[in-house]
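K.L.:
Got a structure for you, coords-v5.csv, holding CSV, C-alpha atoms and all ligand atoms.
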```csv
chain,number,residue,atom,x,y,z
Y,2,MET,CA,0.0,0.0,0.0
Y,3,LYS,CA,1.2,3.5,-0.8
Y,4,PHE,CA,1.7,6.1,1.9
Y,5,GLY,CA,-1.4,8.2,1.1
Y,6,THR,CA,-3.6,5.1,1.3
Y,7,LYS,CA,-1.9,4.0,4.6
Y,8,LEU,CA,-2.9,7.3,6.1
Y,9,ILE,CA,-6.6,6.3,5.7
Y,10,HIS,CA,-6.3,2.4,5.9
Y,11,ASN,CA,-4.0,1.3,8.7
Y,12,GLY,CA,-6.1,-1.2,10.5
Y,13,ASN,CA,-7.9,1.2,12.8
Y,14,GLU,CA,-10.2,2.9,10.4
Y,15,ILE,CA,-13.3,1.1,11.5
Y,16,ASP,CA,-14.2,0.9,15.2
Y,17,LYS,CA,-14.4,-2.8,16.1
Y,18,HIS,CA,-17.4,-2.3,18.5
Y,19,THR,CA,-19.7,-0.1,16.5
Y,20,GLY,CA,-18.4,0.2,12.9
Y,21,ALA,CA,-17.9,3.9,13.4
Y,22,LEU,CA,-15.5,5.4,10.8
Y,23,SER,CA,-13.9,7.5,13.4
Y,24,VAL,CA,-12.0,6.2,16.5
Y,25,PRO,CA,-14.1,6.9,19.6
Y,26,ILE,CA,-12.6,9.3,22.2
Y,27,TYR,CA,-12.3,7.0,25.2
Y,28,GLN,CA,-12.6,9.6,27.9
Y,29,ALA,CA,-11.9,7.2,30.7
Y,30,SER,CA,-9.2,7.1,33.4
Y,31,THR,CA,-9.8,3.6,34.6
Y,32,TYR,CA,-11.3,0.3,33.5
Y,33,HIS,CA,-13.4,-2.4,35.2
Y,34,GLN,CA,-11.3,-5.5,35.8
Y,35,THR,CA,-13.4,-8.6,35.3
Y,36,ASP,CA,-11.0,-11.1,36.8
Y,37,ILE,CA,-8.4,-9.9,39.3
Y,38,ASP,CA,-6.2,-12.9,38.4
Y,39,LYS,CA,-5.9,-11.9,34.7
Y,40,THR,CA,-4.2,-9.0,33.1
Y,41,GLN,CA,-6.2,-7.1,30.6
Y,42,ASP,CA,-5.3,-4.6,27.8
Y,43,TYR,CA,-6.4,-1.5,29.7
Y,44,ASP,CA,-6.4,-0.9,33.4
Y,45,TYR,CA,-5.5,2.8,33.8
Y,46,SER,CA,-5.2,5.5,31.2
Y,47,ARG,CA,-1.7,6.6,32.1
Y,48,SER,CA,-0.5,3.1,31.2
Y,49,GLY,CA,-2.7,2.8,28.1
Y,50,ASN,CA,-5.8,4.4,26.6
Y,51,PRO,CA,-7.6,2.9,23.5
Y,52,THR,CA,-7.7,6.2,21.6
Y,53,ARG,CA,-4.1,7.0,22.3
Y,54,ARG,CA,-3.1,3.5,21.4
Y,55,VAL,CA,-4.7,3.8,17.9
Y,56,LEU,CA,-2.6,7.0,17.4
Y,57,GLU,CA,0.5,5.2,18.7
Y,58,GLU,CA,0.0,2.2,16.4
Y,59,THR,CA,-0.7,4.5,13.4
Y,60,ILE,CA,2.5,6.6,13.8
Y,61,ALA,CA,4.6,3.4,14.3
Y,62,LYS,CA,3.2,2.0,11.0
Y,63,LEU,CA,3.7,5.3,9.1
Y,64,GLU,CA,7.4,5.6,10.3
Y,65,GLY,CA,8.1,1.9,9.8
Y,66,GLY,CA,9.0,1.3,13.4
Y,67,ASP,CA,8.0,-1.3,15.9
Y,68,ARG,CA,6.2,0.8,18.6
Y,69,GLY,CA,4.8,4.3,18.9
Y,70,TYR,CA,4.2,6.5,22.0
Y,71,ALA,CA,2.2,9.7,22.3
Y,72,PHE,CA,3.2,12.4,24.6
Y,73,ALA,CA,1.7,15.7,25.9
Y,74,SER,CA,4.0,17.8,23.6
Y,75,GLY,CA,7.0,17.5,21.4
Y,76,MET,CA,9.1,18.5,24.3
Y,77,ALA,CA,7.6,15.9,26.6
Y,78,ALA,CA,8.5,13.3,23.9
Y,79,ILE,CA,12.1,14.6,23.6
Y,80,SER,CA,12.6,14.8,27.3
Y,81,SER,CA,11.2,11.3,27.8
Y,82,VAL,CA,13.4,9.9,25.1
Y,83,LEU,CA,16.5,11.6,26.6
Y,84,SER,CA,15.5,10.1,30.0
Y,85,VAL,CA,16.6,6.7,28.6
Y,86,PHE,CA,20.2,7.8,29.3
Y,87,SER,CA,22.1,7.8,32.6
Y,88,SER,CA,24.6,10.0,34.3
Y,89,GLY,CA,28.0,9.5,32.7
Y,90,ASP,CA,26.6,8.8,29.3
Y,91,HIS,CA,27.7,11.1,26.5
Y,92,LEU,CA,25.4,12.4,23.7
Y,93,ILE,CA,26.2,14.2,20.5
Y,94,VAL,CA,23.5,16.7,19.6
Y,95,CYS,CA,23.4,18.7,16.3
Y,96,GLU,CA,24.2,22.4,17.2
Y,97,ASP,CA,21.2,23.9,15.4
Y,98,VAL,CA,18.8,21.6,17.2
Y,99,TYR,CA,15.3,23.0,18.2
Y,100,GLY,CA,15.6,25.7,20.8
Y,101,GLY,CA,13.6,23.8,23.4
Y,102,THR,CA,15.8,20.7,23.0
Y,103,TYR,CA,18.9,22.9,23.4
Y,104,ARG,CA,17.5,24.3,26.7
Y,105,ILE,CA,16.4,21.0,28.2
Y,106,VAL,CA,19.7,19.4,27.4
Y,107,ASN,CA,21.8,22.4,28.7
Y,108,ASN,CA,19.7,23.3,31.7
Y,109,PHE,CA,18.2,20.0,32.8
Y,110,PHE,CA,20.0,16.9,31.6
Y,111,SER,CA,23.4,18.5,32.3
Y,112,ARG,CA,22.4,18.6,36.0
Y,113,PHE,CA,22.1,14.9,35.9
Y,114,LYS,CA,25.6,14.6,34.6
Y,115,VAL,CA,24.6,13.6,31.1
Y,116,ASP,CA,27.6,14.7,29.1
Y,117,ILE,CA,26.6,16.6,25.9
Y,118,THR,CA,28.6,17.8,22.8
Y,119,PHE,CA,26.8,20.2,20.4
Y,120,LEU,CA,28.4,20.0,17.0
Y,121,ASP,CA,27.8,20.7,13.3
Y,122,ALA,CA,26.3,17.3,12.2
Y,123,THR,CA,26.3,18.4,8.5
Y,124,ASN,CA,30.1,17.7,8.8
Y,125,VAL,CA,30.3,13.9,9.2
Y,126,ASP,CA,34.0,14.2,10.2
Y,127,ALA,CA,33.1,16.5,13.0
Y,128,VAL,CA,30.6,13.8,14.2
Y,129,ARG,CA,33.3,11.1,14.0
Y,130,ARG,CA,35.8,13.2,16.0
Y,131,GLY,CA,33.1,14.0,18.6
Y,132,ILE,CA,32.5,10.3,19.5
Y,133,LYS,CA,34.0,9.4,22.9
Y,134,LYS,CA,34.3,6.2,24.9
Y,135,ASN,CA,31.1,6.9,26.8
Y,136,THR,CA,29.1,8.2,23.7
Y,137,LYS,CA,25.7,6.5,23.6
Y,138,ALA,CA,23.7,8.4,21.0
Y,139,ILE,CA,23.6,11.0,18.3
Y,140,PHE,CA,20.6,13.3,18.2
Y,141,LEU,CA,19.8,14.8,14.8
Y,142,GLU,CA,17.5,17.2,13.1
Y,143,THR,CA,17.5,17.5,9.3
Y,144,PRO,CA,16.5,19.9,7.7
Y,145,SER,CA,17.5,22.0,10.6
Y,146,ASN,CA,15.8,25.1,12.0
Y,147,PRO,CA,15.8,27.9,10.9
Y,148,LEU,CA,18.4,27.6,8.1
Y,149,LEU,CA,17.4,24.2,6.7
Y,150,LYS,CA,20.9,22.7,6.9
Y,151,ILE,CA,21.1,19.1,5.8
Y,152,THR,CA,22.7,16.3,7.6
Y,153,ASP,CA,23.7,13.2,5.6
Y,154,LEU,CA,21.6,10.7,7.4
Y,155,LYS,CA,23.0,7.6,5.8
Y,156,GLU,CA,26.6,8.6,6.5
Y,157,VAL,CA,26.0,9.6,10.1
Y,158,ILE,CA,23.9,6.5,10.7
Y,159,LYS,CA,26.7,4.3,9.2
Y,160,THR,CA,29.2,6.0,11.6
Y,161,ALA,CA,26.9,5.6,14.5
Y,162,LYS,CA,26.3,1.9,13.8
Y,163,GLU,CA,30.0,1.2,13.5
Y,164,GLN,CA,30.4,2.5,17.0
Y,165,GLY,CA,27.2,0.9,18.4
Y,166,LEU,CA,25.5,4.2,19.0
Y,167,LEU,CA,21.8,5.0,18.9
Y,168,VAL,CA,20.5,7.5,16.3
Y,169,ILE,CA,17.6,9.7,17.4
Y,170,MET,CA,16.0,11.9,14.8
Y,171,ASP,CA,13.6,14.8,15.3
Y,172,ASN,CA,11.6,14.4,12.1
Y,173,THR,CA,9.1,17.3,12.7
Y,174,PHE,CA,9.9,19.3,9.6
Y,175,MET,CA,9.4,16.5,7.2
Y,176,SER,CA,6.7,14.2,8.7
Y,177,PRO,CA,6.8,10.5,7.8
Y,178,TYR,CA,5.3,11.3,4.4
Y,179,LEU,CA,8.5,12.9,3.2
Y,180,GLN,CA,11.2,11.3,5.3
Y,181,ARG,CA,11.4,8.0,7.2
Y,182,PRO,CA,14.7,7.8,9.2
Y,183,ILE,CA,14.0,4.4,10.6
Y,184,GLU,CA,14.0,3.0,7.1
Y,185,LEU,CA,17.5,4.5,6.8
Y,186,GLY,CA,18.7,2.8,10.1
Y,187,ALA,CA,17.7,5.3,12.8
Y,188,ASP,CA,16.5,3.9,16.1
Y,189,ILE,CA,14.2,6.5,17.4
Y,190,VAL,CA,12.1,9.1,15.6
Y,191,ILE,CA,10.5,12.0,17.4
Y,192,HIS,CA,7.8,14.4,16.2
Y,193,SER,CA,6.2,17.5,17.5
Y,194,ALA,CA,2.8,16.5,16.3
Y,195,THR,CA,1.8,20.1,17.0
Y,196,LYS,CA,3.2,20.9,13.6
Y,197,PHE,CA,2.6,19.1,10.2
Y,198,ILE,CA,1.1,15.9,11.7
Y,199,GLY,CA,-1.7,17.7,13.6
Y,200,GLY,CA,-1.6,20.3,10.9
Y,201,HIS,CA,-4.3,22.7,12.1
Y,202,SER,CA,-2.7,24.8,14.8
Y,203,ASP,CA,-5.2,23.5,17.3
Y,204,VAL,CA,-3.4,20.9,19.4
Y,205,ILE,CA,0.0,20.3,21.2
Y,206,GLY,CA,1.3,16.8,21.1
Y,207,GLY,CA,4.4,14.7,20.7
Y,208,LEU,CA,5.1,11.3,19.1
Y,209,VAL,CA,7.9,8.8,19.4
Y,210,VAL,CA,8.5,5.8,17.2
Y,211,VAL,CA,11.1,3.2,18.3
Y,212,LYS,CA,12.8,0.3,16.5
Y,213,GLY,CA,13.4,-2.8,18.6
Y,214,GLU,CA,11.5,-4.2,21.5
Y,215,GLU,CA,14.2,-3.5,24.2
Y,216,LEU,CA,14.4,0.2,23.4
Y,217,ALA,CA,10.6,0.3,23.1
Y,218,LYS,CA,10.3,-1.1,26.6
Y,219,SER,CA,12.6,1.6,28.0
Y,220,VAL,CA,10.6,4.4,26.3
Y,221,TYR,CA,7.3,2.8,27.5
Y,222,ASN,CA,8.6,2.6,31.1
Y,223,ILE,CA,9.4,6.3,31.0
Y,224,GLN,CA,6.1,7.2,29.4
Y,225,ASN,CA,4.2,5.2,32.0
Y,226,GLY,CA,6.5,6.3,34.8
Y,227,PHE,CA,6.9,10.0,34.1
Y,228,GLY,CA,3.3,10.1,32.8
Y,229,ALA,CA,3.7,12.9,30.2
Y,230,ILE,CA,1.0,11.2,28.2
Y,231,LEU,CA,-1.3,12.6,25.5
Y,232,GLY,CA,-5.0,12.8,26.4
Y,233,PRO,CA,-7.7,11.0,24.4
Y,234,GLN,CA,-9.2,14.2,23.0
Y,235,ASP,CA,-5.9,15.4,21.7
Y,236,SER,CA,-5.0,12.0,20.4
Y,237,TRP,CA,-8.2,12.0,18.4
Y,238,LEU,CA,-7.4,15.5,16.9
Y,239,ILE,CA,-4.0,14.3,15.8
Y,240,LEU,CA,-5.5,11.1,14.3
Y,241,ARG,CA,-7.8,13.4,12.3
Y,242,GLY,CA,-4.9,15.5,11.2
Y,243,ILE,CA,-3.0,12.5,10.0
Y,244,LYS,CA,-5.7,11.5,7.5
Y,245,THR,CA,-5.0,14.6,5.4
Y,246,LEU,CA,-1.2,14.7,5.9
Y,247,LYS,CA,-0.4,13.9,2.3
Y,248,VAL,CA,-2.9,16.3,0.6
Y,249,ARG,CA,-1.9,19.1,2.9
Y,250,MET,CA,1.8,18.5,2.5
Y,251,ASP,CA,1.6,18.2,-1.3
Y,252,HIS,CA,-0.2,21.5,-1.6
Y,253,GLN,CA,1.9,23.3,1.0
Y,254,GLN,CA,5.2,22.0,-0.4
Y,255,ASN,CA,4.1,23.1,-3.9
Y,256,ASN,CA,3.4,26.6,-2.6
Y,257,ALA,CA,6.7,26.6,-0.7
Y,258,HIS,CA,8.7,25.6,-3.8
Y,259,ARG,CA,7.1,28.3,-5.9
Y,260,LEU,CA,7.5,30.8,-3.1
Y,261,ALA,CA,11.2,29.9,-2.8
Y,262,GLU,CA,11.7,30.5,-6.5
Y,263,TRP,CA,9.8,33.8,-6.4
Y,264,LEU,CA,11.8,35.1,-3.4
Y,265,ALA,CA,15.1,34.0,-5.0
Y,266,ASN,CA,14.3,36.4,-7.8
Y,267,HIS,CA,13.1,39.3,-5.7
Y,268,HIS,CA,15.3,42.4,-5.5
Y,269,LYS,CA,14.7,42.9,-1.8
Y,270,ILE,CA,15.9,39.3,-1.0
Y,271,ALA,CA,19.5,38.5,-0.4
Y,272,LYS,CA,19.3,34.7,0.1
Y,273,VAL,CA,16.8,31.9,0.3
Y,274,TYR,CA,17.2,28.8,2.3
Y,275,TYR,CA,15.1,25.9,0.9
Y,276,PRO,CA,16.5,22.4,0.1
Y,277,GLY,CA,14.3,22.2,-3.0
Y,278,LEU,CA,16.3,24.9,-4.7
Y,279,PRO,CA,19.2,23.4,-6.6
Y,280,GLU,CA,21.6,26.0,-5.3
Y,281,HIS,CA,21.0,24.9,-1.7
Y,282,PRO,CA,24.3,23.2,-0.6
Y,283,GLY,CA,22.4,20.3,0.9
Y,284,SER,CA,19.9,19.8,-1.9
Y,285,ARG,CA,21.4,16.7,-3.4
Y,286,ILE,CA,21.8,14.9,-0.1
Y,287,HIS,CA,18.4,15.9,1.1
Y,288,LEU,CA,16.7,14.6,-2.0
Y,289,SER,CA,18.6,11.3,-1.6
Y,290,GLN,CA,17.1,10.7,1.8
Y,291,ALA,CA,13.7,12.4,1.6
Y,292,ASP,CA,10.8,12.4,-0.9
Y,293,GLY,CA,10.4,16.2,-1.0
Y,294,SER,CA,11.6,19.5,0.5
Y,295,GLY,CA,8.7,20.3,2.7
Y,296,ALA,CA,6.9,23.5,3.4
Y,297,VAL,CA,9.3,25.5,5.6
Y,298,LEU,CA,11.8,27.9,4.2
Y,299,SER,CA,13.8,30.9,5.4
Y,300,PHE,CA,15.2,34.0,3.7
Y,301,LYS,CA,17.4,37.0,4.4
Y,302,THR,CA,16.4,40.4,3.2
Y,303,ILE,CA,18.9,42.9,1.8
Y,304,ASP,CA,19.0,44.7,5.2
Y,305,ASP,CA,17.6,44.5,8.7
Y,306,GLU,CA,15.1,47.3,8.1
Y,307,THR,CA,13.5,45.4,5.2
Y,308,ALA,CA,13.0,42.4,7.5
Y,309,ARG,CA,11.4,44.4,10.3
Y,310,ARG,CA,9.2,46.2,7.8
Y,311,PHE,CA,8.1,42.9,6.3
Y,312,MET,CA,7.1,41.5,9.7
Y,313,LYS,CA,5.1,44.6,10.4
Y,314,ASN,CA,3.4,44.8,7.0
Y,315,VAL,CA,2.6,41.2,6.2
Y,316,HIS,CA,-1.2,40.6,6.5
Y,317,LEU,CA,-2.4,37.4,5.1
Y,318,ALA,CA,0.3,35.3,6.9
Y,319,ALA,CA,0.1,35.1,10.6
Y,320,VAL,CA,3.1,36.3,12.7
Y,321,ALA,CA,3.6,33.5,15.2
Y,322,VAL,CA,5.9,30.9,16.4
Y,323,SER,CA,5.1,27.3,15.3
Y,324,LEU,CA,4.8,25.9,11.9
Y,325,GLY,CA,3.0,23.2,9.9
Y,326,GLY,CA,-0.5,24.5,10.1
Y,327,VAL,CA,-3.0,25.1,7.3
Y,328,GLU,CA,-2.2,28.9,7.5
Y,329,THR,CA,1.0,30.5,6.4
Y,330,ILE,CA,3.0,31.5,9.5
Y,331,VAL,CA,6.0,33.9,9.4
Y,332,SER,CA,8.4,34.1,12.3
Y,333,TYR,CA,11.3,36.3,13.1
Y,334,PRO,CA,13.9,33.9,14.8
Y,335,VAL,CA,16.0,36.6,16.6
Y,336,LYS,CA,13.0,37.8,18.5
Y,337,MET,CA,11.0,34.6,18.7
Y,338,SER,CA,12.5,31.1,18.6
Y,339,HIS,CA,16.1,32.1,19.2
Y,340,ALA,CA,15.6,35.1,21.4
Y,341,SER,CA,17.1,33.4,24.4
Y,342,MET,CA,20.3,32.3,22.5
Y,343,PRO,CA,23.3,34.7,23.1
Y,344,LYS,CA,23.7,37.0,20.1
Y,345,ALA,CA,27.3,35.8,19.4
Y,346,ASN,CA,26.0,32.2,19.2
Y,347,ARG,CA,23.1,33.2,17.0
Y,348,GLU,CA,25.4,35.1,14.6
Y,349,ARG,CA,27.8,32.2,14.4
Y,350,LEU,CA,24.9,30.0,13.3
Y,351,GLY,CA,23.7,32.5,10.8
Y,352,ILE,CA,20.6,33.6,12.7
Y,353,THR,CA,20.8,37.3,12.0
Y,354,ASP,CA,18.4,40.3,12.2
Y,355,ASP,CA,17.6,40.0,8.5
Y,356,LEU,CA,16.4,36.4,8.7
Y,357,ILE,CA,12.7,35.4,8.4
Y,358,ARG,CA,11.2,31.9,8.5
Y,359,ILE,CA,8.1,30.9,6.7
Y,360,SER,CA,5.9,27.9,7.2
Y,361,VAL,CA,3.8,27.9,4.0
Y,362,GLY,CA,0.1,27.1,4.3
Y,363,LEU,CA,-2.8,26.1,2.1
Y,364,GLU,CA,-3.7,29.5,0.7
Y,365,GLU,CA,-3.8,30.1,-3.0
Y,366,PHE,CA,-0.3,30.9,-4.2
Y,367,ASP,CA,-1.3,34.2,-6.0
Y,368,ASP,CA,-2.8,35.6,-2.8
Y,369,LEU,CA,0.4,34.7,-0.8
Y,370,ILE,CA,2.6,36.4,-3.4
Y,371,GLN,CA,0.5,39.5,-3.4
Y,372,ASP,CA,0.8,39.8,0.4
Y,373,PHE,CA,4.5,39.2,0.4
Y,374,ASP,CA,5.1,41.6,-2.5
Y,375,CYS,CA,3.3,44.4,-0.6
Y,376,ALA,CA,5.2,43.6,2.6
Y,377,LEU,CA,8.5,43.7,0.8
Y,378,LEU,CA,7.9,47.2,-0.7
Y,401,LIG,C1,7.9,22.6,17.8
Y,401,LIG,C2,9.1,21.7,17.8
Y,401,LIG,C3,9.4,20.9,18.9
Y,401,LIG,C4,8.7,21.0,20.2
Y,401,LIG,O1,7.4,20.5,20.1
Y,401,LIG,P1,6.2,21.1,21.1
Y,401,LIG,O2,5.0,20.3,20.6
Y,401,LIG,O3,6.1,22.5,20.9
Y,401,LIG,O4,6.6,20.7,22.5
Y,401,LIG,C5,10.5,20.0,18.7
Y,401,LIG,N1,11.2,20.0,17.6
Y,401,LIG,C6,10.9,20.7,16.5
Y,401,LIG,C7,11.7,20.6,15.3
Y,401,LIG,C8,9.8,21.6,16.6
Y,401,LIG,O5,9.6,22.3,15.5
```
Would you mind writing the file out in structure tokens?
Ligand SMILES: *Cc1c(COP(=O)(O)O)cnc(C)c1O
P.N.:
Amino acid sequence: MKFGTKLIHNGNEIDKHTGALSVPIYQASTYHQTDIDKTQDYDYSRSGNPTRRVLEETIAKLEGGDRGYAFASGMAAISSVLSVFSSGDHLIVCEDVYGGTYRIVNNFFSRFKVDITFLDATNVDAVRRGIKKNTKAIFLETPSNPLLKITDLKEVIKTAKEQGLLVIMDNTFMSPYLQRPIELGADIVIHSATKFIGGHSDVIGGLVVVKGEELAKSVYNIQNGFGAILGPQDSWLILRGIKTLKVRMDHQQNNAHRLAEWLANHHKIAKVYYPGLPEHPGSRIHLSQADGSGAVLSFKTIDDETARRFMKNVHLAAVAVSLGGVETIVSYPVKMSHASMPKANRERLGITDDLIRISVGLEEFDDLIQDFDCALL
């Protein structure tokens, strides 16, 4: 079955009890136990809930992993996965990782003596050199945020496997429709389901997919132990979002591609970052490991003033953090997602005052262009 069909037909499309074509929202915390000497599928909703379980099985199938777990947010998912490690373990994390991940690793896991190295994972030699005796895992994000830098997944995974390391991939920007890291050898895939998977800017959620039963058991024990679970109502919203993932992504990606080309030819634009443009330095590698370039892009204007004016004058697009919704969202990283990062760090990573990020939505292309053209005057 092809991916678009799997979004609709994945074994859970018909409710086994009623035939309903939508999974019921099991708004229950606990379950009657008919025989105290027997274990049953559900006994308490922190440990398992039927609506959440359908979501967890669905995402595991879509990513090609063995088990899926749904969490209260993308950050709950990331924090829970990182809790698999112990004091004294060393992790390599790509330096332009999501801001929330950077903070939790630096401010929280470091207190528990988890040793962390941030490095440029687009440089496979740097990754090799960063591996120590106590290294346990490599945490990646590609394309990265907000400059859409590309890590060569196959090369880094090969290096990791030679050294017996786990590879953890935050796949939020691509979704399983466009990129499936487990098929390339990764061990754990994480999503902020708040973004493309939910897709409607109406729910916060996180998903984890794991390869291998042993690792799955560790993640499950943390999910059940820490209890950062996703509620049944939010699980249902994300299941609904998943059904239209492909059609949304196809349209948004097409808009993004055209917008990237239009921006690249605009006299007020200095640079466009989109892996779908052939001049993007990671374009070839990206297209060898993903089925498309997605719907997020960034650009730099000719000066800081133009960027600030654009943010003030853009009307159709929302000015907001987040991405992956049906509406086009523009964000200004230096004041929003990366505001807490020291300026020197930001500049070293290329996150400057003339940089704008766009998550392209489902609007008609001509209306988007008109809005952007006015805002760039
Ligand atoms: C938004 C985001 C997260 C965090 O997810 P929340 O649902 O906001 O907790 C993690 N990684 C990436 C790449 C994101 O875009």
K.L.:
Please report the interatomic distance between atom CA of Y:His258 and atom CA of Y:Ala376 in Å with one decimal.
P.N.:
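Going from atom CA of Y:His258 over to atom CA of Y:Ala376, I get 19.4 Å.
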K.L.:
Of the candidates Y:Gly186, Y:Pro147, Y:Gly207, Y:Gly12, which one gets nearest to Y:Arg347 if we count all atoms listed in the file?
P.N.:
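Looking only at the distances to Y:Arg347, the closest residue turns out to be Y:Pro147.
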K.L.:
Can you find the residues with an atom no farther than 9 Å from (4.2, 10.6, 5.7), counting all atoms listed in the file, and report them as a ChimeraX atom specification?
P.N.:
/Y:4-5,8,63-64,175-181,198,243,246-247,250
K.L.:
Could you give me the residues within 10 Å of ligand LIG 401 (chain Y), counting only C-alpha atoms and all ligand atoms, as a PyMOL selection string?
P.N.:
chain Y and resi 72-80+98-102+141-147+170-175+191-197+204-208+322-325+338
K.L.:
Give the answer as one residue: which of Y:Leu166, Y:Tyr27, Y:Leu149, Y:Lys39 has the shortest atom-to-atom distance to Y:Leu278, using all atoms listed in the file?
P.N.:
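Ranking Y:Leu166, Y:Tyr27, Y:Leu149, Y:Lys39 by distance to Y:Leu278, first place goes to Y:Leu149.
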K.L.:
Go ahead and find all residues with at least one atom no further than 12 Å from (34.4, 10.6, 15.2) in the file's coordinates, using all atoms listed in the file; report them as a PyMOL selection string.
P.N.:
chain Y and resi 93+118+120+122+124-134+136+139+156-157+159-164+166
K.L.:
For each of Y:His339, Y:Arg68, Y:Lys17, Y:Lys344, take the minimum atom-to-atom distance to Y:Pro51, counting all atoms listed in the file, then give the residue where this is smallest.
P.N.:
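Closest residue, counting all atoms listed in the file: Y:Lys17.
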K.L.:
Using Å and a single decimal, report how far atom CA of Y:Asn225 sits from atom CA of Y:Gly89.
P.N.:
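Taking atom CA of Y:Gly89 and atom CA of Y:Asn225, their separation equals 24.2 Å.
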K.L.:
I'd like the contact shell of stretch 270-274 of chain Y - 8 Å cut-off, only C-alpha atoms, skipping same-chain residues fewer than 6 positions apart - returned as an mmCIF file with C-alpha atoms, keeping the file's coordinate frame.
P.N.:
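In the end it all went to out12.cif:
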```cif
data_model
loop_
_atom_site.group_PDB
_atom_site.id
_atom_site.type_symbol
_atom_site.label_atom_id
_atom_site.label_comp_id
_atom_site.auth_asym_id
_atom_site.auth_seq_id
_atom_site.Cartn_x
_atom_site.Cartn_y
_atom_site.Cartn_z
ATOM 1 C CA LEU Y 148 18.400 27.600 8.100
ATOM 2 C CA LEU Y 149 17.400 24.200 6.700
ATOM 3 C CA ALA Y 261 11.200 29.900 -2.800
ATOM 4 C CA LEU Y 264 11.800 35.100 -3.400
ATOM 5 C CA HIS Y 281 21.000 24.900 -1.700
ATOM 6 C CA LEU Y 298 11.800 27.900 4.200
ATOM 7 C CA SER Y 299 13.800 30.900 5.400
ATOM 8 C CA PHE Y 300 15.200 34.000 3.700
ATOM 9 C CA LYS Y 301 17.400 37.000 4.400
ATOM 10 C CA THR Y 302 16.400 40.400 3.200
ATOM 11 C CA ILE Y 303 18.900 42.900 1.800
#
```
K.L.:
For a test of reading the model, state the distance in Å between atom CA of Y:Ile15 and atom CA of Y:Thr35, rounded to one decimal.
P.N.:
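If I compute the distance from atom CA of Y:Ile15 to atom CA of Y:Thr35, I get 25.7 Å.
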K.L.:
I'd like to know which of Y:Val85, Y:Val209, Y:Ala308, Y:Val248 is closest to Y:Thr6, using all atoms listed in the file.
P.N.:
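Closest residue, counting all atoms listed in the file: Y:Val248.
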K.L.:
With distances taken over all atoms listed in the file, which of Y:Lys150, Y:Arg47, Y:Lys244, Y:Arg104 is nearest to Y:Asn13?
P.N.:
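Among the listed residues, Y:Lys244 lies closest to Y:Asn13.
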K.L.:
Counting all atoms listed in the file, which residue out of Y:Met2, Y:Ile230, Y:Val327, Y:Val361 sits closest to Y:Ser294?
P.N.:
Y:Val361
K.L.:
Give me the residues within 9 Å of Y:Glu214 as a VMD selection string, counting only C-alpha atoms and dropping any in the same chain fewer than 3 places off.
P.N.:
chain Y and resid 67 to 68 211 217 to 219
K.L.:
Could you name the residues that touch Y:Ser30 at 12 Å or less, counting only C-alpha atoms, but leaving out those on the same chain fewer than 6 positions away, as a list in words?
P.N.:
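After dropping sequence-adjacent residues, the list is Tyr43, Asp44, Tyr45, Ser46, Arg47, Ser48, Gly49, Asn50, Pro51, Thr52, Gly232 and Pro233 of chain Y.
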K.L.:
Name the residues in contact with Y:Ile183 at a cut-off of 8 Å, using only C-alpha atoms, excluding same-chain residues fewer than 3 positions from it; report them as a list of chain:residue names.
P.N.:
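Those residues are Y:Glu64, Y:Gly65, Y:Gly66, Y:Gly186, Y:Ala187, Y:Asp188, Y:Ile189, Y:Val190, Y:Lys212.
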K.L.:
Fix up stretch 59-67 of chain Y with N, CA and C atoms, then write it as a compact mmCIF listing (two decimals), in the coordinates of the input.
P.N.:
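Once everything was written out, this is out.txt:
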```txt
# COMPACT_ATOMS: atom_id res chain seq x y z
N THR Y 59 -0.71 3.85 14.76
CA THR Y 59 -0.70 4.50 13.40
C THR Y 59 0.64 5.12 13.14
N ILE Y 60 1.18 5.89 14.07
CA ILE Y 60 2.50 6.60 13.80
C ILE Y 60 3.58 5.56 13.65
N ALA Y 61 3.52 4.46 14.41
CA ALA Y 61 4.60 3.40 14.30
C ALA Y 61 4.54 2.82 12.87
N LYS Y 62 3.33 2.57 12.36
CA LYS Y 62 3.20 2.00 11.00
C LYS Y 62 3.73 3.02 9.97
N LEU Y 63 3.36 4.29 10.13
CA LEU Y 63 3.70 5.30 9.10
C LEU Y 63 5.24 5.53 9.09
N GLU Y 64 5.90 5.41 10.25
CA GLU Y 64 7.40 5.60 10.30
C GLU Y 64 8.13 4.32 10.02
N GLY Y 65 7.43 3.19 9.98
CA GLY Y 65 8.10 1.90 9.80
C GLY Y 65 8.87 1.42 10.99
N GLY Y 66 8.39 1.80 12.18
CA GLY Y 66 9.00 1.30 13.40
C GLY Y 66 8.22 0.25 14.08
N ASP Y 67 8.67 -0.19 15.25
CA ASP Y 67 8.00 -1.30 15.90
C ASP Y 67 6.90 -0.78 16.91
```
